[in-house]
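Q: Just one file: work_16.cif, with mmCIF, C-alpha atoms (C1' of nucleotides).
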data_target
#
loop_
_atom_site.label_atom_id
_atom_site.label_comp_id
_atom_site.auth_asym_id
_atom_site.auth_seq_id
_atom_site.Cartn_x
_atom_site.Cartn_y
_atom_site.Cartn_z
CA MET A 22 120.44 106.14 147.51
CA SER A 23 123.90 105.98 146.15
CA ARG A 24 125.27 109.06 147.82
CA VAL A 25 126.43 107.00 150.70
CA LYS A 26 129.99 108.15 150.67
CA VAL A 27 129.00 111.69 151.38
CA VAL A 28 126.86 110.34 154.10
CA ASP A 29 129.73 108.36 155.54
CA GLU A 30 131.85 111.33 156.14
CA LEU A 31 129.11 113.06 157.70
CA CYS A 32 127.02 115.02 159.79
CA THR A 33 123.46 115.49 160.74
CA LEU A 34 123.16 117.97 157.95
CA SER A 35 124.21 115.86 155.03
CA LEU A 36 121.95 113.01 156.01
CA PRO A 37 118.77 115.06 155.71
CA ALA A 38 120.25 116.97 152.79
CA ALA A 39 120.71 113.72 150.90
CA LEU A 40 117.20 112.60 151.74
CA LEU A 41 115.42 115.83 150.88
CA GLY A 42 117.70 116.52 147.95
CA GLU A 43 116.12 113.66 146.10
CA ARG A 44 114.02 114.80 143.21
CA TRP A 45 110.44 115.55 144.24
CA THR A 46 110.85 115.05 147.95
CA LEU A 47 110.70 118.69 148.94
CA LEU A 48 107.78 119.27 146.66
CA LEU A 49 106.02 116.26 148.08
CA LEU A 50 106.62 117.55 151.56
CA ARG A 51 105.22 120.93 150.69
CA GLN A 52 102.13 119.26 149.37
CA ALA A 53 101.77 117.23 152.54
CA PHE A 54 102.03 120.38 154.64
CA LEU A 55 99.35 121.97 152.53
CA GLY A 56 97.06 119.15 153.56
CA THR A 57 97.26 116.67 150.72
CA ARG A 58 96.98 113.10 151.94
CA ARG A 59 95.90 110.81 149.16
CA PHE A 60 97.81 109.27 146.36
CA GLU A 61 95.50 110.60 143.72
CA ASP A 62 95.63 114.11 145.11
CA PHE A 63 99.39 114.21 145.29
CA GLN A 64 99.54 112.95 141.79
CA SER A 65 97.26 115.52 140.28
CA ALA A 66 98.59 118.39 142.38
CA MET A 67 102.20 117.80 141.49
CA ASP A 68 102.00 116.23 138.10
CA ILE A 69 104.54 113.63 139.13
CA SER A 70 104.60 110.21 137.50
CA ARG A 71 102.71 107.57 139.44
CA SER A 72 105.64 105.23 139.73
CA VAL A 73 107.93 107.86 141.18
CA LEU A 74 105.20 109.01 143.53
CA THR A 75 104.74 105.46 144.77
CA GLU A 76 108.43 105.22 145.43
CA ARG A 77 108.78 108.56 147.16
CA LEU A 78 105.81 107.93 149.40
CA ALA A 79 107.28 104.57 150.34
CA THR A 80 110.61 106.19 151.16
CA PHE A 81 108.91 108.72 153.39
CA VAL A 82 106.99 105.98 155.12
CA ASP A 83 110.22 104.03 155.62
CA GLU A 84 111.88 107.09 157.04
CA GLY A 85 108.98 107.67 159.37
CA ILE A 86 108.10 111.03 157.89
CA LEU A 87 104.73 109.90 156.63
CA ARG A 88 102.56 107.08 157.87
CA ARG A 89 99.85 105.19 156.04
CA VAL A 90 96.53 105.53 157.74
CA PRO A 91 93.50 103.51 156.68
CA TYR A 92 90.36 105.41 155.90
CA LYS A 93 87.27 104.20 154.21
CA ASP A 94 85.48 105.49 151.36
CA SER A 95 83.58 102.20 151.24
CA ARG A 96 86.52 99.82 151.13
CA THR A 97 89.80 100.26 152.89
CA ARG A 98 92.15 102.75 151.43
CA TYR A 99 95.18 104.40 152.88
CA GLU A 100 96.17 107.96 153.15
CA TYR A 101 99.53 109.44 153.94
CA ARG A 102 99.88 111.68 156.92
CA LEU A 103 102.78 113.51 158.41
CA THR A 104 104.16 111.93 161.54
CA GLU A 105 105.68 113.96 164.33
CA LYS A 106 109.02 113.52 162.65
CA GLY A 107 107.52 114.84 159.44
CA LEU A 108 105.79 117.76 161.12
CA ASP A 109 109.11 118.65 162.62
CA LEU A 110 110.36 119.52 159.16
CA TYR A 111 108.15 122.55 159.31
CA PRO A 112 110.97 124.98 160.03
CA VAL A 113 112.80 123.75 156.95
CA LEU A 114 109.85 124.50 154.74
CA MET A 115 109.26 127.84 156.41
CA ALA A 116 112.88 128.80 155.94
CA LEU A 117 112.63 127.86 152.29
CA ARG A 118 109.51 129.87 151.87
CA LYS A 119 110.99 132.89 153.53
CA TRP A 120 113.95 132.70 151.22
CA GLY A 121 111.65 132.26 148.25
CA ASP A 122 109.64 135.29 149.26
CA LYS A 123 112.74 137.38 149.42
CA TRP A 124 114.66 136.12 146.42
CA MET A 125 112.36 134.43 144.00
CA ALA A 126 109.08 136.17 144.54
CA PRO A 127 106.90 136.41 141.48
CA ALA A 128 105.67 139.93 140.82
CA ASP A 129 102.25 139.19 142.21
CA GLY A 130 103.51 137.96 145.55
CA PRO A 131 103.06 134.68 147.38
CA SER A 132 100.17 132.47 146.36
CA PHE A 133 99.17 131.67 149.89
CA ASP A 134 99.46 133.22 153.30
CA LEU A 135 100.20 131.76 156.68
CA HIS A 136 98.97 133.09 159.97
CA HIS A 137 99.24 132.05 163.55
CA LYS A 138 96.00 130.32 164.45
CA ASP A 139 95.78 131.81 167.92
CA CYS A 140 96.45 135.45 167.23
CA GLY A 141 96.43 135.81 163.46
CA GLY A 142 99.95 137.20 163.40
CA ASP A 143 102.62 136.58 160.78
CA VAL A 144 105.00 133.72 161.09
CA ASP A 145 108.76 134.14 160.83
CA VAL A 146 111.86 131.95 160.92
CA LYS A 147 114.89 133.07 162.88
CA VAL A 148 118.32 131.77 163.58
CA GLU A 149 119.41 132.95 166.99
CA CYS A 150 122.11 132.55 169.55
CA THR A 151 120.64 130.84 172.58
CA THR A 152 123.08 132.57 174.87
CA CYS A 153 122.93 136.21 173.86
CA GLY A 154 119.69 136.04 171.91
CA GLU A 155 121.06 137.84 168.91
CA GLY A 156 120.12 136.95 165.37
CA VAL A 157 122.81 134.88 163.68
CA GLY A 158 123.75 134.71 160.01
CA ALA A 159 126.12 132.49 158.11
CA ARG A 160 129.03 134.80 158.85
CA ASP A 161 128.43 134.99 162.56
CA VAL A 162 129.27 131.41 163.38
CA ARG A 163 132.40 129.48 163.99
CA VAL A 164 132.42 125.92 162.75
CA THR A 165 134.40 123.34 164.66
CA ARG A 166 135.03 120.02 163.09
CA LEU A 167 134.87 117.31 165.66
CA ARG A 168 135.85 114.38 163.50
CA MET B 9 114.15 121.59 135.03
CA SER B 10 111.00 119.91 133.89
CA ARG B 11 108.99 120.50 137.02
CA VAL B 12 107.69 123.68 135.57
CA LYS B 13 104.05 122.82 135.92
CA VAL B 14 104.34 122.56 139.66
CA VAL B 15 106.07 125.85 139.64
CA ASP B 16 103.39 127.47 137.53
CA GLU B 17 100.69 126.76 139.95
CA LEU B 18 102.76 127.96 142.64
CA CYS B 19 104.23 129.73 145.40
CA THR B 20 107.46 130.98 146.74
CA LEU B 21 107.94 127.66 148.43
CA SER B 22 107.82 125.39 145.44
CA LEU B 23 110.22 127.49 143.46
CA PRO B 24 113.08 127.04 145.92
CA ALA B 25 111.91 123.51 146.65
CA ALA B 26 112.28 122.63 143.00
CA LEU B 27 115.68 124.26 142.82
CA LEU B 28 117.12 122.74 145.98
CA GLY B 29 115.37 119.45 145.43
CA GLU B 30 117.67 118.77 142.54
CA ARG B 31 120.09 115.99 143.23
CA TRP B 32 123.28 117.22 144.89
CA THR B 33 122.24 120.81 145.34
CA LEU B 34 121.69 120.69 149.08
CA LEU B 35 124.88 118.78 149.58
CA LEU B 36 126.74 121.26 147.44
CA LEU B 37 125.31 124.07 149.48
CA ARG B 38 126.32 122.43 152.72
CA GLN B 39 129.83 122.13 151.41
CA ALA B 40 129.85 125.78 150.39
CA PHE B 41 128.74 126.79 153.88
CA LEU B 42 131.51 124.71 155.34
CA GLY B 43 133.95 126.86 153.42
CA THR B 44 134.66 124.89 150.28
CA ARG B 45 135.25 127.15 147.31
CA ARG B 46 137.18 125.38 144.64
CA PHE B 47 136.08 122.93 142.04
CA GLU B 48 138.63 120.38 143.01
CA ASP B 49 137.73 120.60 146.67
CA PHE B 50 134.03 120.19 146.08
CA GLN B 51 134.76 117.24 143.91
CA SER B 52 136.86 115.39 146.40
CA ALA B 53 134.75 116.31 149.40
CA MET B 54 131.51 115.13 147.89
CA ASP B 55 132.59 112.44 145.52
CA ILE B 56 130.33 113.81 142.84
CA SER B 57 131.10 113.31 139.18
CA ARG B 58 132.90 116.21 137.57
CA SER B 59 130.34 116.79 134.88
CA VAL B 60 127.46 117.03 137.31
CA LEU B 61 129.49 119.27 139.57
CA THR B 62 130.22 121.57 136.65
CA GLU B 63 126.56 121.74 135.87
CA ARG B 64 125.37 122.32 139.42
CA LEU B 65 127.93 125.03 140.00
CA ALA B 66 126.81 126.70 136.80
CA THR B 67 123.18 126.53 137.89
CA PHE B 68 124.02 128.13 141.22
CA VAL B 69 125.96 130.85 139.46
CA ASP B 70 123.01 131.44 137.13
CA GLU B 71 120.68 131.62 140.07
CA GLY B 72 122.96 134.06 141.81
CA ILE B 73 123.60 131.79 144.74
CA LEU B 74 127.29 131.42 144.01
CA ARG B 75 129.59 133.72 142.10
CA ARG B 76 132.85 132.95 140.36
CA VAL B 77 135.68 134.93 141.81
CA PRO B 78 139.12 134.95 140.20
CA TYR B 79 142.04 134.15 142.43
CA LYS B 80 145.56 133.43 141.47
CA ASP B 81 147.66 130.60 142.31
CA SER B 82 150.05 131.85 139.64
CA ARG B 83 147.63 131.87 136.72
CA THR B 84 144.01 132.89 136.94
CA ARG B 85 141.64 130.42 138.43
CA TYR B 86 138.16 130.85 139.74
CA GLU B 87 136.57 129.93 142.96
CA TYR B 88 132.94 129.77 143.89
CA ARG B 89 131.69 131.88 146.72
CA LEU B 90 128.31 132.31 148.26
CA THR B 91 126.60 135.55 147.33
CA GLU B 92 124.29 137.36 149.70
CA LYS B 93 121.43 135.42 148.21
CA GLY B 94 123.32 132.23 148.87
CA LEU B 95 124.26 133.18 152.40
CA ASP B 96 120.61 133.86 153.01
CA LEU B 97 119.94 130.16 152.67
CA TYR B 98 121.63 129.71 155.99
CA PRO B 99 118.40 129.26 157.95
CA VAL B 100 117.37 126.48 155.61
CA LEU B 101 120.56 124.58 156.28
CA MET B 102 120.35 125.24 159.99
CA ALA B 103 116.79 124.01 160.10
CA LEU B 104 117.85 120.87 158.27
CA ARG B 105 120.68 120.32 160.64
CA LYS B 106 118.50 120.81 163.68
CA TRP B 107 116.08 118.26 162.33
CA GLY B 108 118.94 115.92 161.54
CA ASP B 109 120.28 116.25 165.07
CA LYS B 110 116.95 115.33 166.49
CA TRP B 111 115.82 112.60 164.14
CA MET B 112 118.77 111.14 162.33
CA ALA B 113 121.60 111.61 164.74
CA PRO B 114 124.27 108.94 164.55
CA ALA B 115 125.09 107.43 167.93
CA ASP B 116 128.27 109.44 168.25
CA GLY B 117 126.59 112.79 167.73
CA PRO B 118 127.12 115.55 165.23
CA SER B 119 130.43 115.68 163.43
CA PHE B 120 130.84 119.39 163.78
CA ASP B 121 129.72 122.10 166.12
CA LEU B 122 128.57 125.62 165.51
CA HIS B 123 128.95 128.51 167.86
CA HIS B 124 128.16 132.16 167.79
CA LYS B 125 131.37 133.99 167.00
CA ASP B 126 130.74 136.86 169.39
CA CYS B 127 129.69 135.04 172.51
CA GLY B 128 130.38 131.38 171.86
CA GLY B 129 126.76 130.41 172.47
CA ASP B 130 124.76 127.74 170.68
CA VAL B 131 122.78 128.52 167.61
CA ASP B 132 119.13 127.64 167.22
CA VAL B 133 116.42 127.95 164.59
CA LYS B 134 112.95 129.05 165.60
CA VAL B 135 109.65 129.59 163.92
CA GLU B 136 107.77 132.31 165.73
CA CYS B 137 104.72 134.46 165.52
CA THR B 138 105.81 138.05 164.99
CA THR B 139 102.77 139.34 166.80
CA CYS B 140 102.59 137.32 169.96
CA GLY B 141 106.13 136.00 169.93
CA GLU B 142 105.13 132.43 170.56
CA GLY B 143 106.83 129.49 168.93
CA VAL B 144 104.84 128.12 166.02
CA GLY B 145 104.65 124.59 164.68
CA ALA B 146 102.99 123.09 161.64
CA ARG B 147 99.72 122.71 163.48
CA ASP B 148 99.56 126.23 164.76
CA VAL B 149 99.10 127.96 161.46
CA ARG B 150 96.21 128.65 159.19
CA VAL B 151 96.94 128.54 155.49
CA THR B 152 95.01 130.83 153.20
CA ARG B 153 95.14 130.23 149.51
CA LEU B 154 95.21 133.49 147.68
CA ARG B 155 95.06 132.19 144.14
"C1'" DT C 21 161.40 118.71 128.28
"C1'" DA C 22 158.52 115.90 130.88
"C1'" DG C 23 155.37 116.02 134.41
"C1'" DC C 24 152.06 118.11 137.62
"C1'" DT C 25 147.93 121.02 138.78
"C1'" DG C 26 143.36 123.19 138.56
"C1'" DG C 27 139.38 123.28 136.21
"C1'" DG C 28 137.01 121.62 132.99
"C1'" DT C 29 134.92 118.75 128.61
"C1'" DC C 30 133.58 114.35 126.30
"C1'" DC C 31 131.83 109.93 126.02
"C1'" DA C 32 129.87 105.25 126.79
"C1'" DG C 33 127.32 102.66 129.95
"C1'" DT C 34 124.06 102.57 133.92
"C1'" DT C 35 120.24 104.53 136.66
"C1'" DT C 36 116.25 107.27 137.12
"C1'" DT C 37 112.39 109.29 135.54
"C1'" DC C 38 108.64 109.73 132.33
"C1'" DG C 39 104.12 108.81 130.26
"C1'" DA C 40 100.93 105.75 129.06
"C1'" DA C 41 98.78 101.49 129.51
"C1'" DC C 42 97.28 97.86 132.36
"C1'" DG C 43 95.54 95.47 136.84
"C1'" DC C 44 92.39 94.95 140.50
"C1'" DA C 45 88.84 95.09 144.01
"C1'" DA C 46 84.51 97.26 145.66
"C1'" DG C 47 80.63 99.59 144.61
"C1'" DG C 48 76.76 101.31 141.58
"C1'" DG C 49 73.56 101.40 137.74
"C1'" DG C 50 70.69 98.98 134.79
"C1'" DC D 17 74.72 89.61 136.04
"C1'" DC D 18 77.54 92.83 133.34
"C1'" DC D 19 79.79 96.92 132.69
"C1'" DC D 20 81.60 101.31 134.43
"C1'" DT D 21 83.93 104.16 137.79
"C1'" DT D 22 87.21 105.08 141.64
"C1'" DG D 23 91.50 104.80 144.13
"C1'" DC D 24 95.86 103.02 144.13
"C1'" DG D 25 99.08 100.98 142.30
"C1'" DT D 26 102.45 98.08 138.82
"C1'" DT D 27 104.71 97.43 134.37
"C1'" DC D 28 107.19 98.74 130.39
"C1'" DG D 29 109.70 101.12 126.53
"C1'" DA D 30 111.75 105.52 125.68
"C1'" DA D 31 114.06 109.69 127.29
"C1'" DA D 32 116.81 112.19 130.56
"C1'" DA D 33 120.24 112.30 134.22
"C1'" DC D 34 124.23 110.43 136.43
"C1'" DT D 35 128.69 107.89 136.64
"C1'" DG D 36 133.61 106.93 136.06
"C1'" DG D 37 137.23 107.47 133.29
"C1'" DA D 38 139.84 109.48 129.56
"C1'" DC D 39 141.28 113.62 127.60
"C1'" DC D 40 142.47 118.79 127.17
"C1'" DC D 41 144.91 123.11 128.13
"C1'" DA D 42 147.88 126.63 130.25
"C1'" DG D 43 151.43 127.71 133.21
"C1'" DC D 44 154.57 126.16 136.46
"C1'" DT D 45 158.50 123.02 138.32
"C1'" DA D 46 162.20 119.68 138.19
#
Take the structure in the file and write it out as structure tokens.

A:
Amino acid sequence: MSRVKVVDELCTLSLPAALLGERWTLLLLRQAFLGTRRFEDFQSAMDISRSVLTERLATFVDEGILRRVPYKDSRTRYEYRLTEKGLDLYPVLMALRKWGDKWMAPADGPSFDLHHKDCGGDVDVKVECTTCGEGVGARDVRVTRLR
Amino acid sequence: MSRVKVVDELCTLSLPAALLGERWTLLLLRQAFLGTRRFEDFQSAMDISRSVLTERLATFVDEGILRRVPYKDSRTRYEYRLTEKGLDLYPVLMALRKWGDKWMAPADGPSFDLHHKDCGGDVDVKVECTTCGEGVGARDVRVTRLR
DNA sequence: TAGCTGGGTCCAGTTTTCGAACGCAAGGGG
DNA sequence: CCCCTTGCGTTCGAAAACTGGACCCAGCTA
């Protein structure tokens, strides 16, 4: 990653932004959240070149977002599973999806639905003030540079 | 964008994921949310090459995420401002930042703070069930493929 | 009149990505 | 035993994207 200078200056937003702003990473993540775990399945689901897939998976493993877990289908093979760190990216994906639903929705609607396992309800992403509990948008915050 | 096949198969998550998973786009967005509006300022803040910046800005304008607004500093110049669609990406950035704070925080903490304008409180991102109100993580949802 | 500024464009050289072919080890079938 | 298939990569030449630097233009400003 050559975008180090940006990263130098930076914050805890640009670091993940640089990581996930790599080609294919968000798509790969989506696939992982949809349950894909094996090299071959990622490859055919996303139509990504094998060499790039190899590299992206390795980066995610390095970053601790995925881990390689042995499984056997006769001999030892590995599959890629989300770690806790990876699972924690869930809100990012949900926020993206919500935005996509609102602004880029194809005429025939979303191609999959999500429901809360326990009660079957819909899932929503919110940005809120922890003090007053109100919903917060981009214009409702004050940014303070610390450094 | 050549990742059309992925997009074909897909949902309102992969569309934004493909768009924002382009190199520099997330970083550009972060900068826009931090208040940067002018070509020159983006360029020096991010250390991105001018040609790529031109192209990314144009893509965002095409997508309706930024709009060019004339201003004058004697003769007419344009600046790039977030549209409503762009501002709506706020939760995505906040979710990224929250994740970054938790998992990639530099030893000396975040380099800027955010507070609710009205009450000064902290801002948080949550994924919740709209029915039962509980917080929802990646493992608490059921995904249903519709197509 | 020469120089500066903001916002670009153009271009050559480097990186990345692509697609297709190849490698390899463990089965399985015959 | 030999050949084929599977799963997971690696390698390689060609194509696309990115980079840094030079250049452009219009209206100041000195």

Q: Find the residues of chain B in contact range of chain A, meaning any atom within 6 Å when counting only C-alpha atoms, and list them as an MDAnalysis selection string.

A: chainID B and resid 14 19:21 24:25 29:31 34:35 54 98:100 103:105 108:109 113 118:125 129:139 146 148:155

Q: Please, could you write that set of residues out with C-alpha atoms as a PDB file, in the coordinates of the input?

A:
ATOM      1  CA  VAL B  14     104.340 122.560 139.660  1.00  0.00           C
ATOM      2  CA  CYS B  19     104.230 129.730 145.400  1.00  0.00           C
ATOM      3  CA  THR B  20     107.460 130.980 146.740  1.00  0.00           C
ATOM      4  CA  LEU B  21     107.940 127.660 148.430  1.00  0.00           C
ATOM      5  CA  PRO B  24     113.080 127.040 145.920  1.00  0.00           C
ATOM      6  CA  ALA B  25     111.910 123.510 146.650  1.00  0.00           C
ATOM      7  CA  GLY B  29     115.370 119.450 145.430  1.00  0.00           C
ATOM      8  CA  GLU B  30     117.670 118.770 142.540  1.00  0.00           C
ATOM      9  CA  ARG B  31     120.090 115.990 143.230  1.00  0.00           C
ATOM     10  CA  LEU B  34     121.690 120.690 149.080  1.00  0.00           C
ATOM     11  CA  LEU B  35     124.880 118.780 149.580  1.00  0.00           C
ATOM     12  CA  MET B  54     131.510 115.130 147.890  1.00  0.00           C
ATOM     13  CA  TYR B  98     121.630 129.710 155.990  1.00  0.00           C
ATOM     14  CA  PRO B  99     118.400 129.260 157.950  1.00  0.00           C
ATOM     15  CA  VAL B 100     117.370 126.480 155.610  1.00  0.00           C
ATOM     16  CA  ALA B 103     116.790 124.010 160.100  1.00  0.00           C
ATOM     17  CA  LEU B 104     117.850 120.870 158.270  1.00  0.00           C
ATOM     18  CA  ARG B 105     120.680 120.320 160.640  1.00  0.00           C
ATOM     19  CA  GLY B 108     118.940 115.920 161.540  1.00  0.00           C
ATOM     20  CA  ASP B 109     120.280 116.250 165.070  1.00  0.00           C
ATOM     21  CA  ALA B 113     121.600 111.610 164.740  1.00  0.00           C
ATOM     22  CA  PRO B 118     127.120 115.550 165.230  1.00  0.00           C
ATOM     23  CA  SER B 119     130.430 115.680 163.430  1.00  0.00           C
ATOM     24  CA  PHE B 120     130.840 119.390 163.780  1.00  0.00           C
ATOM     25  CA  ASP B 121     129.720 122.100 166.120  1.00  0.00           C
ATOM     26  CA  LEU B 122     128.570 125.620 165.510  1.00  0.00           C
ATOM     27  CA  HIS B 123     128.950 128.510 167.860  1.00  0.00           C
ATOM     28  CA  HIS B 124     128.160 132.160 167.790  1.00  0.00           C
ATOM     29  CA  LYS B 125     131.370 133.990 167.000  1.00  0.00           C
ATOM     30  CA  GLY B 129     126.760 130.410 172.470  1.00  0.00           C
ATOM     31  CA  ASP B 130     124.760 127.740 170.680  1.00  0.00           C
ATOM     32  CA  VAL B 131     122.780 128.520 167.610  1.00  0.00           C
ATOM     33  CA  ASP B 132     119.130 127.640 167.220  1.00  0.00           C
ATOM     34  CA  VAL B 133     116.420 127.950 164.590  1.00  0.00           C
ATOM     35  CA  LYS B 134     112.950 129.050 165.600  1.00  0.00           C
ATOM     36  CA  VAL B 135     109.650 129.590 163.920  1.00  0.00           C
ATOM     37  CA  GLU B 136     107.770 132.310 165.730  1.00  0.00           C
ATOM     38  CA  CYS B 137     104.720 134.460 165.520  1.00  0.00           C
ATOM     39  CA  THR B 138     105.810 138.050 164.990  1.00  0.00           C
ATOM     40  CA  THR B 139     102.770 139.340 166.800  1.00  0.00           C
ATOM     41  CA  ALA B 146     102.990 123.090 161.640  1.00  0.00           C
ATOM     42  CA  ASP B 148      99.560 126.230 164.760  1.00  0.00           C
ATOM     43  CA  VAL B 149      99.100 127.960 161.460  1.00  0.00           C
ATOM     44  CA  ARG B 150      96.210 128.650 159.190  1.00  0.00           C
ATOM     45  CA  VAL B 151      96.940 128.540 155.490  1.00  0.00           C
ATOM     46  CA  THR B 152      95.010 130.830 153.200  1.00  0.00           C
ATOM     47  CA  ARG B 153      95.140 130.230 149.510  1.00  0.00           C
ATOM     48  CA  LEU B 154      95.210 133.490 147.680  1.00  0.00           C
ATOM     49  CA  ARG B 155      95.060 132.190 144.140  1.00  0.00           C
TER      50      ARG B 155
END

Q: Going by the chain IDs and residue numbers used in this file, which residues fall under the PyMOL selection byres ((chain B) within 10 of (chain C))? Write them as a list in words.

A: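 Here the PyMOL selection byres ((chain B) within 10 of (chain C)) matches Arg46, Phe47, Glu48, Arg58, Ser59, Thr62, Asp81, Arg83, Thr84, Arg85, Tyr86 and Glu87 of chain B.
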
Q: Identify all chain D residues at most 12 Å from chain A by counting all atoms listed in the file; ligands do not count. Present them as a ChimeraX atom specification.

A: /D:22-28,33-35

Q: By how many Å are atom CA of B:Thr91 and atom C1' of D:DA42 apart?

A: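 The value is 28.7 Å.
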
Q: So what do you get for atom CA of B:Ser52 versus atom C1' of D:DC41, distance-wise?

A: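 A separation of 21.4 Å between them.
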
Q: In Å, rounded to a single decimal, give me how far atom CA of A:Asp62 is from atom CA of A:Tyr92.

A: 14.8 Å

Q: Assuming 4 Å of padding per side, give the centre and edge lengths of the axis-aligned box around every listed atom of stretch 42-45 of chain D, in Å to one decimal and as AutoDock Vina command-line options.

A:
--center_x 153.2 --center_y 125.4 --center_z 134.3 --size_x 18.6 --size_y 12.7 --size_z 16.1

Q: Residues within 7 Å of B:Arg45, please, as a PDB file with C-alpha atoms, in the coordinates of the input. Count all atoms listed in the file; anything in the same chain fewer than 3 positions from it doesn't count.

A:
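So around_33.pdb came out as:
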ATOM      1  CA  ALA B  40     129.850 125.780 150.390  1.00  0.00           C
ATOM      2  CA  GLU B  87     136.570 129.930 142.960  1.00  0.00           C
ATOM      3  CA  TYR B  88     132.940 129.770 143.890  1.00  0.00           C
ATOM      4  CA  ARG B  89     131.690 131.880 146.720  1.00  0.00           C
TER       5      ARG B  89
END
